[in-house]
$ cat target_6.tsv   # TSV, C-alpha atoms
chain	number	residue	atom	x	y	z
X	1	MET	CA	142.74	144.92	56.71
X	2	MET	CA	145.85	146.61	58.06
X	3	LYS	CA	146.79	145.96	61.62
X	4	ALA	CA	146.61	149.12	63.68
X	5	ILE	CA	149.54	150.16	65.81
X	6	ILE	CA	148.27	153.16	67.73
X	7	SER	CA	151.24	155.28	68.67
X	8	PHE	CA	151.35	157.11	71.97
X	9	VAL	CA	153.90	159.76	72.86
X	10	ALA	CA	154.58	159.35	76.57
X	11	GLY	CA	157.37	160.11	78.98
X	12	VAL	CA	159.13	162.37	76.49
X	13	MET	CA	161.22	165.26	77.78
X	14	LEU	CA	160.15	167.95	75.41
X	15	TRP	CA	162.44	170.75	76.47
X	16	GLY	CA	165.18	171.63	78.85
X	17	MET	CA	164.67	173.72	81.95
X	18	ALA	CA	166.65	175.55	84.56
X	19	MET	CA	167.76	173.41	87.43
X	20	SER	CA	166.17	175.43	90.21
X	21	GLY	CA	165.10	173.80	93.46
X	22	MET	CA	161.47	173.60	92.38
X	23	ALA	CA	162.47	172.35	88.94
X	24	GLN	CA	164.63	169.64	90.50
X	25	THR	CA	161.66	168.44	92.57
X	26	GLU	CA	159.39	168.48	89.49
X	27	ARG	CA	162.01	166.58	87.44
X	28	LYS	CA	162.33	164.01	90.22
X	29	PHE	CA	158.57	163.27	90.15
X	30	ILE	CA	158.54	163.13	86.35
X	31	ARG	CA	161.48	160.70	86.28
X	32	GLU	CA	159.81	158.49	88.87
X	33	GLY	CA	156.57	158.66	86.89
X	34	ASN	CA	158.43	157.66	83.73
X	35	ASP	CA	160.00	154.69	85.52
X	36	PHE	CA	156.58	153.47	86.67
X	37	PHE	CA	155.21	154.08	83.20
X	38	GLU	CA	157.90	151.89	81.60
X	39	LYS	CA	157.09	149.17	84.15
X	40	GLN	CA	153.42	149.54	83.08
X	41	ASP	CA	152.43	150.56	86.59
X	42	PHE	CA	150.32	153.37	85.20
X	43	GLU	CA	148.46	154.12	88.42
X	44	LYS	CA	151.68	154.95	90.28
X	45	ALA	CA	152.95	156.83	87.24
X	46	GLU	CA	149.83	159.00	87.35
X	47	VAL	CA	150.44	159.76	91.01
X	48	GLU	CA	154.02	160.91	90.33
X	49	TYR	CA	152.97	163.04	87.37
X	50	ARG	CA	150.33	164.71	89.51
X	51	LYS	CA	152.98	165.49	92.12
X	52	ALA	CA	155.08	167.09	89.41
X	53	SER	CA	152.10	169.08	88.17
X	54	ASP	CA	151.37	170.25	91.72
X	55	LYS	CA	154.91	171.54	92.01
X	56	ARG	CA	154.69	173.34	88.66
X	57	ALA	CA	151.18	173.76	87.29
X	58	GLU	CA	152.38	175.06	83.89
X	59	SER	CA	154.54	171.96	83.27
X	60	PHE	CA	153.55	170.66	79.83
X	61	GLU	CA	155.47	167.41	80.28
X	62	ALA	CA	153.81	166.57	83.61
X	63	ALA	CA	150.32	167.26	82.27
X	64	PHE	CA	150.93	165.45	78.98
X	65	ASN	CA	152.40	162.33	80.58
X	66	MET	CA	149.69	162.28	83.25
X	67	ALA	CA	147.08	162.21	80.43
X	68	ASP	CA	149.03	159.28	78.89
X	69	ALA	CA	148.87	157.42	82.23
X	70	LEU	CA	145.13	158.02	82.46
X	71	TYR	CA	144.68	156.65	78.95
X	72	LYS	CA	146.68	153.52	79.81
X	73	GLN	CA	144.32	152.93	82.76
X	74	LYS	CA	141.38	153.23	80.33
X	75	LYS	CA	140.23	156.38	82.07
X	76	TYR	CA	139.37	157.76	78.67
X	77	GLU	CA	137.10	160.61	79.76
X	78	GLU	CA	139.72	162.00	82.14
X	79	ALA	CA	142.50	161.54	79.57
X	80	LEU	CA	140.47	163.30	76.87
X	81	SER	CA	139.70	166.18	79.23
X	82	GLN	CA	143.41	166.54	80.07
X	83	PHE	CA	144.53	166.45	76.41
X	84	THR	CA	141.82	168.90	75.38
X	85	ALA	CA	142.82	171.35	78.11
X	86	LEU	CA	146.43	171.20	76.88
X	87	ALA	CA	145.40	171.78	73.26
X	88	LYS	CA	143.45	174.94	74.15
X	89	LYS	CA	146.46	176.73	75.61
X	90	GLU	CA	149.27	175.28	73.47
X	91	THR	CA	150.68	177.22	70.52
X	92	ASP	CA	153.69	175.10	69.55
X	93	LYS	CA	152.81	173.12	66.41
X	94	GLU	CA	154.94	170.09	67.30
X	95	ARG	CA	153.28	169.82	70.70
X	96	LEU	CA	149.83	170.39	69.16
X	97	GLY	CA	150.54	167.60	66.69
X	98	GLU	CA	151.38	165.24	69.57
X	99	ILE	CA	148.33	166.33	71.59
X	100	TYR	CA	145.86	165.84	68.75
X	101	HIS	CA	147.46	162.51	67.85
X	102	ASN	CA	146.71	161.28	71.37
X	103	ILE	CA	143.26	162.87	71.32
X	104	GLY	CA	142.59	160.81	68.19
X	105	ASN	CA	143.78	157.66	69.96
X	106	THR	CA	141.56	158.37	72.96
X	107	LEU	CA	138.48	159.03	70.83
X	108	LEU	CA	139.14	155.85	68.85
X	109	ALA	CA	139.33	153.86	72.09
X	110	MET	CA	135.98	155.40	73.06
X	111	GLN	CA	134.46	154.11	69.79
X	112	LYS	CA	134.07	157.69	68.51
X	113	THR	CA	135.57	156.91	65.14
X	114	ASP	CA	134.33	159.97	63.24
X	115	GLU	CA	135.70	162.34	65.88
X	116	SER	CA	139.02	160.48	66.01
X	117	ILE	CA	139.46	161.01	62.26
X	118	GLU	CA	139.05	164.76	62.69
X	119	ALA	CA	141.59	164.73	65.53
X	120	TYR	CA	144.16	162.90	63.39
X	121	LYS	CA	143.60	165.40	60.59
X	122	GLU	CA	144.22	168.27	63.00
X	123	SER	CA	147.37	166.52	64.17
X	124	LEU	CA	148.65	166.29	60.59
X	125	ARG	CA	147.92	169.97	60.00
X	126	ASN	CA	150.45	170.69	62.71
X	127	ARG	CA	152.83	167.77	61.99
X	128	PRO	CA	152.34	166.81	58.31
X	129	ALA	CA	155.25	164.38	58.26
X	130	SER	CA	154.11	162.19	61.17
X	131	GLU	CA	153.94	158.62	59.89
X	132	PRO	CA	152.24	157.20	63.04
X	133	THR	CA	149.47	159.74	62.70
X	134	LYS	CA	149.01	158.98	58.98
X	135	TYR	CA	148.86	155.29	59.81
X	136	ASN	CA	146.29	155.80	62.55
X	137	LEU	CA	144.20	158.04	60.32
X	138	GLU	CA	144.06	155.33	57.67
X	139	PHE	CA	143.14	152.74	60.29
X	140	ALA	CA	140.34	154.98	61.61
X	141	ARG	CA	138.99	155.49	58.09
X	142	GLN	CA	138.89	151.76	57.47
X	143	LYS	CA	137.13	151.27	60.79
X	144	GLN	CA	134.64	153.98	59.84
X	145	GLN	CA	133.92	152.18	56.56
X	146	GLN	CA	133.39	148.89	58.39
X	147	GLU	CA	130.98	150.57	60.79
X	148	GLN	CA	129.08	152.17	57.93
X	149	ASN	CA	128.83	148.81	56.13
X	150	LYS	CA	127.63	147.19	59.34
X	151	ASP	CA	125.09	149.95	59.88
X	152	GLN	CA	123.86	149.49	56.32
X	153	GLN	CA	123.60	145.74	56.80
X	154	ASN	CA	121.67	146.26	60.03
X	155	GLN	CA	119.45	148.80	58.30
X	156	ASP	CA	118.79	146.37	55.44
X	157	LYS	CA	118.15	143.59	57.93
X	158	ASN	CA	115.77	145.76	59.92
X	159	GLN	CA	114.05	146.80	56.71
X	160	ASP	CA	113.64	143.16	55.70
X	161	GLN	CA	112.31	142.36	59.17
X	162	ASP	CA	109.90	145.28	58.93
X	163	GLN	CA	108.74	144.11	55.52
X	164	ASN	CA	108.31	140.56	56.78
X	165	GLN	CA	106.45	141.86	59.81
X	166	ASP	CA	104.23	144.01	57.58
X	167	LYS	CA	103.53	140.98	55.39
X	168	GLU	CA	102.73	138.85	58.42
X	169	GLU	CA	100.42	141.57	59.72
X	170	GLN	CA	98.73	141.82	56.32
X	171	ASP	CA	98.32	138.04	56.18
X	172	GLN	CA	96.95	138.08	59.71
X	173	ASP	CA	94.55	140.88	58.82
X	174	LYS	CA	93.42	138.95	55.76
X	175	GLU	CA	92.94	135.82	57.83
X	176	ASN	CA	90.98	137.79	60.42
X	177	GLN	CA	88.83	139.28	57.67
X	178	ASN	CA	88.13	135.79	56.28
X	179	GLN	CA	87.27	134.58	59.75
X	180	ASP	CA	84.98	137.55	60.27
X	181	GLN	CA	83.38	136.94	56.90
X	182	ASN	CA	82.87	133.27	57.69
X	183	GLN	CA	81.44	134.20	61.06
X	184	ASP	CA	79.10	136.70	59.41
X	185	GLN	CA	78.02	134.08	56.90
X	186	GLY	CA	77.50	131.61	59.72
X	187	LYS	CA	75.46	134.20	61.60
X	188	ASP	CA	73.38	134.88	58.50
X	189	GLN	CA	72.78	131.16	58.00
X	190	ASP	CA	71.89	130.74	61.66
X	191	LYS	CA	69.52	133.69	61.38
X	192	LYS	CA	67.97	132.21	58.25
X	193	ASP	CA	67.61	128.81	59.89
X	194	GLN	CA	66.04	130.44	62.92
X	195	GLN	CA	63.61	132.33	60.72
X	196	GLU	CA	62.67	129.11	58.93
X	197	GLN	CA	62.26	127.36	62.25
X	198	ASN	CA	60.09	130.20	63.56
X	199	LYS	CA	58.02	130.07	60.40
X	200	ASP	CA	57.54	126.31	60.69
X	201	GLN	CA	56.61	126.75	64.33
X	202	GLN	CA	54.11	129.45	63.46
X	203	ASN	CA	52.55	127.21	60.79
X	204	GLN	CA	52.39	124.32	63.22
X	205	ASP	CA	50.84	126.55	65.88
X	206	LYS	CA	48.29	127.73	63.34
X	207	LYS	CA	47.41	124.15	62.38
X	208	ASP	CA	47.14	123.15	66.02
X	209	GLN	CA	44.91	126.12	66.69
X	210	GLN	CA	42.66	125.24	63.77
X	211	GLY	CA	42.48	121.63	64.94
X	212	GLN	CA	41.55	122.70	68.41
X	213	GLN	CA	38.88	124.96	67.03
X	214	GLN	CA	37.45	122.04	65.03
X	215	GLU	CA	37.60	119.63	67.96
X	216	GLN	CA	36.10	121.98	70.52
X	217	PRO	CA	32.31	122.48	70.28
X	218	SER	CA	31.10	125.94	69.68
X	219	LYS	CA	30.10	127.72	72.80
X	220	ILE	CA	26.49	129.17	72.74
X	221	SER	CA	24.56	131.28	75.17
X	222	LYS	CA	21.88	129.94	77.49
X	223	GLU	CA	19.11	131.60	75.51
X	224	ASP	CA	20.39	130.10	72.25
X	225	ALA	CA	20.57	126.72	73.94
X	226	GLU	CA	16.98	126.99	75.16
X	227	ARG	CA	15.75	128.05	71.71
X	228	LEU	CA	17.67	125.22	70.14
X	229	LEU	CA	16.18	122.74	72.62
X	230	GLU	CA	12.72	124.08	72.02
X	231	ALA	CA	13.19	123.81	68.26
X	232	LEU	CA	14.36	120.24	68.66
X	233	GLN	CA	11.35	119.43	70.82
X	234	ASN	CA	9.00	120.99	68.26
X	235	ASP	CA	10.65	119.03	65.51
X	236	GLU	CA	10.34	115.86	67.53
X	237	LYS	CA	6.68	116.64	68.26
X	238	LYS	CA	6.01	117.18	64.58
X	239	VAL	CA	7.72	113.91	63.78
X	240	GLN	CA	5.70	112.07	66.38
X	241	GLU	CA	2.49	113.65	65.11
X	242	LYS	CA	3.42	112.68	61.59
X	243	VAL	CA	4.24	109.15	62.70
X	244	GLN	CA	1.00	108.94	64.65
X	245	LYS	CA	-0.95	110.24	61.71
X	246	GLN	CA	0.75	107.74	59.45
X	247	LYS	CA	-0.12	104.90	61.83
X	248	VAL	CA	-3.76	105.98	61.89
X	249	GLN	CA	-3.87	106.01	58.09
X	250	GLU	CA	-2.26	102.59	57.95
X	251	GLN	CA	-4.85	101.21	60.37
X	252	LYS	CA	-7.66	102.68	58.33
X	253	ALA	CA	-6.25	101.24	55.17
X	254	LYS	CA	-5.85	97.84	56.78
X	255	LYS	CA	-9.42	97.92	58.10
X	256	MET	CA	-10.79	98.80	54.72
X	257	LYS	CA	-8.91	95.93	53.16
X	258	ILE	CA	-10.28	93.47	55.62
X	259	GLU	CA	-13.82	94.61	54.96
X	260	LYS	CA	-13.36	94.15	51.25
X	261	ASP	CA	-12.04	90.66	51.70
X	262	TRP	CA	-15.23	89.67	53.44

$ encode --input "target_6.tsv" --output "structure tokens"
Amino acid sequence: MMKAIISFVAGVMLWGMAMSGMAQTERKFIREGNDFFEKQDFEKAEVEYRKASDKRAESFEAAFNMADALYKQKKYEEALSQFTALAKKETDKERLGEIYHNIGNTLLAMQKTDESIEAYKESLRNRPASEPTKYNLEFARQKQQQEQNKDQQNQDKNQDQDQNQDKEEQDQDKENQNQDQNQDQGKDQDKKDQQEQNKDQQNQDKKDQQGQQQEQPSKISKEDAERLLEALQNDEKKVQEKVQKQKVQEQKAKKMKIEKDW
């Protein structure tokens, strides 16, 4: 990739002026500002350019160089505002070319690559032969392409991450479904086992109840008990009478036998 050398037009005396008293004071501040600028003391240079601008508000050179000093201090918002204000009221194409060149540089420093490209194009519309501007435009285009490639890579990466996340979520959902299914099957088996256990318990209770009914004597009323006792006594009386009668018959038979033997 080409190395970018961003050109900045600063401290340039763009036109001559009458040497009036006010002009001499303005020129003095501009010269002092230029000296500080060359020494890279951009803060002091800004102060001197502001003094010059205060002396003569319409001074293009003071305003332009002050914007340069702001840029060098990385006060990009202030520099852009100053350059933009100059561009709105300037009609000279050479000056417009210089202004938009520096607007492009400022926007590029602010990471506004797309806007810087448009600024360089506008600069070339006013100064078509400017090699520094052509160079910076090409640099900005290459930077734009790099940013687009990076954005695409990030987009692809995010898409892959989203797909992986979706797959993980699907796998997790499937695993949860299997777990739920296994739990349902376990619940069904537990329910079935419980039903079998209840059935066995019911059968056992039924058997125990039947056994208890067999072991426990039947309960009868007092009247039934008295009738039963009376019937038993009658039966016993009949048996005794029958036994007694049988004994009498046996005695008679024995007596008759003895008589015969004699």

$ residues_around --input "target_6.tsv" --residues "Arg56 in chain X" --least-positions-apart "2" --cutoff "12 Å" --atoms "only C-alpha atoms" --output "JSON, numbers by chain"
{"X": [20, 21, 22, 23, 24, 25, 26, 27, 29, 30, 49, 50, 51, 52, 53, 54, 58, 59, 60, 61, 62, 63]}

$ closest_atom_pairs --input "target_6.tsv" --of "range 114-200 of chain X" --to "range 91-97 of chain X" --cutoff "7 Å" --atoms "only C-alpha atoms" --output "Markdown table"
| residue | atom | partner | partner_atom | distance |
| --- | --- | --- | --- | --- |
| X:Ser123 | CA | X:Gly97 | CA | 4.2 |
| X:Leu124 | CA | X:Gly97 | CA | 6.5 |
| X:Asn126 | CA | X:Lys93 | CA | 5.0 |
| X:Arg127 | CA | X:Gly97 | CA | 5.2 |

$ atom_distance --input "target_6.tsv" --atom1 "CA of Lys121 in chain X" --atom2 "CA of Tyr135 in chain X"
11.4 Å

$ residues_around --input "target_6.tsv" --residues "Met110 in chain X" --least-positions-apart "3" --cutoff "7 Å" --atoms "all atoms listed in the file" --output "PDB file with C-alpha atoms, in the frame of the given file"
ATOM      1  CA  TYR X  76     139.370 157.760  78.670  1.00  0.00           C
ATOM      2  CA  THR X 106     141.560 158.370  72.960  1.00  0.00           C
ATOM      3  CA  LEU X 107     138.480 159.030  70.830  1.00  0.00           C
TER       4      LEU X 107
END

$ atom_distance --input "target_6.tsv" --atom1 "CA of Glu32 in chain X" --atom2 "CA of Tyr100 in chain X"
25.6 Å

$ atom_distance --input "target_6.tsv" --atom1 "CA of Gln146 in chain X" --atom2 "CA of Pro132 in chain X"
21.1 Å

$ build_atoms --input "target_6.tsv" --residues "range 230-253 of chain X" --atoms "N, CA, C and O atoms" --output "mmCIF file, in the coordinates of the input"
data_model
loop_
_atom_site.group_PDB
_atom_site.id
_atom_site.type_symbol
_atom_site.label_atom_id
_atom_site.label_comp_id
_atom_site.auth_asym_id
_atom_site.auth_seq_id
_atom_site.Cartn_x
_atom_site.Cartn_y
_atom_site.Cartn_z
ATOM 1 N N GLU X 230 14.145 123.954 72.330
ATOM 2 C CA GLU X 230 12.720 124.080 72.020
ATOM 3 C C GLU X 230 12.439 123.706 70.566
ATOM 4 O O GLU X 230 11.460 123.012 70.254
ATOM 5 N N ALA X 231 13.354 124.141 69.676
ATOM 6 C CA ALA X 231 13.190 123.810 68.260
ATOM 7 C C ALA X 231 13.297 122.314 68.069
ATOM 8 O O ALA X 231 12.529 121.707 67.285
ATOM 9 N N LEU X 232 14.219 121.702 68.778
ATOM 10 C CA LEU X 232 14.360 120.240 68.660
ATOM 11 C C LEU X 232 13.100 119.542 69.176
ATOM 12 O O LEU X 232 12.644 118.544 68.593
ATOM 13 N N GLN X 233 12.561 120.043 70.281
ATOM 14 C CA GLN X 233 11.350 119.430 70.820
ATOM 15 C C GLN X 233 10.166 119.585 69.857
ATOM 16 O O GLN X 233 9.371 118.652 69.660
ATOM 17 N N ASN X 234 10.073 120.775 69.239
ATOM 18 C CA ASN X 234 9.000 120.990 68.260
ATOM 19 C C ASN X 234 9.150 120.063 67.083
ATOM 20 O O ASN X 234 8.169 119.490 66.595
ATOM 21 N N ASP X 235 10.412 119.925 66.645
ATOM 22 C CA ASP X 235 10.650 119.030 65.510
ATOM 23 C C ASP X 235 10.281 117.602 65.882
ATOM 24 O O ASP X 235 9.678 116.858 65.086
ATOM 25 N N GLU X 236 10.658 117.223 67.094
ATOM 26 C CA GLU X 236 10.340 115.860 67.530
ATOM 27 C C GLU X 236 8.823 115.672 67.652
ATOM 28 O O GLU X 236 8.284 114.614 67.283
ATOM 29 N N LYS X 237 8.151 116.717 68.120
ATOM 30 C CA LYS X 237 6.680 116.640 68.260
ATOM 31 C C LYS X 237 6.013 116.493 66.893
ATOM 32 O O LYS X 237 5.094 115.692 66.704
ATOM 33 N N LYS X 238 6.541 117.279 65.939
ATOM 34 C CA LYS X 238 6.010 117.180 64.580
ATOM 35 C C LYS X 238 6.252 115.799 64.017
ATOM 36 O O LYS X 238 5.386 115.217 63.331
ATOM 37 N N VAL X 239 7.405 115.256 64.286
ATOM 38 C CA VAL X 239 7.720 113.910 63.780
ATOM 39 C C VAL X 239 6.801 112.896 64.411
ATOM 40 O O VAL X 239 6.261 111.993 63.734
ATOM 41 N N GLN X 240 6.584 113.018 65.696
ATOM 42 C CA GLN X 240 5.700 112.070 66.380
ATOM 43 C C GLN X 240 4.265 112.190 65.857
ATOM 44 O O GLN X 240 3.567 111.182 65.648
ATOM 45 N N GLU X 241 3.851 113.463 65.643
ATOM 46 C CA GLU X 241 2.490 113.650 65.110
ATOM 47 C C GLU X 241 2.394 113.050 63.719
ATOM 48 O O GLU X 241 1.377 112.422 63.361
ATOM 49 N N LYS X 242 3.433 113.234 62.941
ATOM 50 C CA LYS X 242 3.420 112.680 61.590
ATOM 51 C C LYS X 242 3.403 111.168 61.632
ATOM 52 O O LYS X 242 2.680 110.502 60.871
ATOM 53 N N VAL X 243 4.206 110.610 62.565
ATOM 54 C CA VAL X 243 4.240 109.150 62.700
ATOM 55 C C VAL X 243 2.882 108.633 63.170
ATOM 56 O O VAL X 243 2.364 107.623 62.676
ATOM 57 N N GLN X 244 2.298 109.356 64.112
ATOM 58 C CA GLN X 244 1.000 108.940 64.650
ATOM 59 C C GLN X 244 -0.062 109.012 63.566
ATOM 60 O O GLN X 244 -0.897 108.113 63.437
ATOM 61 N N LYS X 245 0.010 110.084 62.809
ATOM 62 C CA LYS X 245 -0.950 110.240 61.710
ATOM 63 C C LYS X 245 -0.775 109.148 60.691
ATOM 64 O O LYS X 245 -1.759 108.578 60.165
ATOM 65 N N GLN X 246 0.482 108.790 60.432
ATOM 66 C CA GLN X 246 0.750 107.740 59.450
ATOM 67 C C GLN X 246 0.240 106.388 59.954
ATOM 68 O O GLN X 246 -0.299 105.589 59.193
ATOM 69 N N LYS X 247 0.387 106.153 61.256
ATOM 70 C CA LYS X 247 -0.120 104.900 61.830
ATOM 71 C C LYS X 247 -1.647 104.826 61.712
ATOM 72 O O LYS X 247 -2.212 103.762 61.416
ATOM 73 N N VAL X 248 -2.289 105.971 61.986
ATOM 74 C CA VAL X 248 -3.760 105.980 61.890
ATOM 75 C C VAL X 248 -4.181 105.671 60.462
ATOM 76 O O VAL X 248 -5.108 104.887 60.215
ATOM 77 N N GLN X 249 -3.539 106.260 59.498
ATOM 78 C CA GLN X 249 -3.870 106.010 58.090
ATOM 79 C C GLN X 249 -3.630 104.556 57.732
ATOM 80 O O GLN X 249 -4.390 103.943 56.978
ATOM 81 N N GLU X 250 -2.562 104.000 58.244
ATOM 82 C CA GLU X 250 -2.260 102.590 57.950
ATOM 83 C C GLU X 250 -3.324 101.688 58.543
ATOM 84 O O GLU X 250 -3.745 100.694 57.933
ATOM 85 N N GLN X 251 -3.806 102.030 59.726
ATOM 86 C CA GLN X 251 -4.850 101.210 60.370
ATOM 87 C C GLN X 251 -6.155 101.313 59.587
ATOM 88 O O GLN X 251 -6.879 100.321 59.395
ATOM 89 N N LYS X 252 -6.449 102.526 59.141
ATOM 90 C CA LYS X 252 -7.660 102.680 58.330
ATOM 91 C C LYS X 252 -7.545 101.893 57.039
ATOM 92 O O LYS X 252 -8.507 101.237 56.613
ATOM 93 N N ALA X 253 -6.432 101.963 56.435
ATOM 94 C CA ALA X 253 -6.250 101.240 55.170
ATOM 95 C C ALA X 253 -6.334 99.745 55.394
ATOM 96 O O ALA X 253 -6.913 99.002 54.599
#
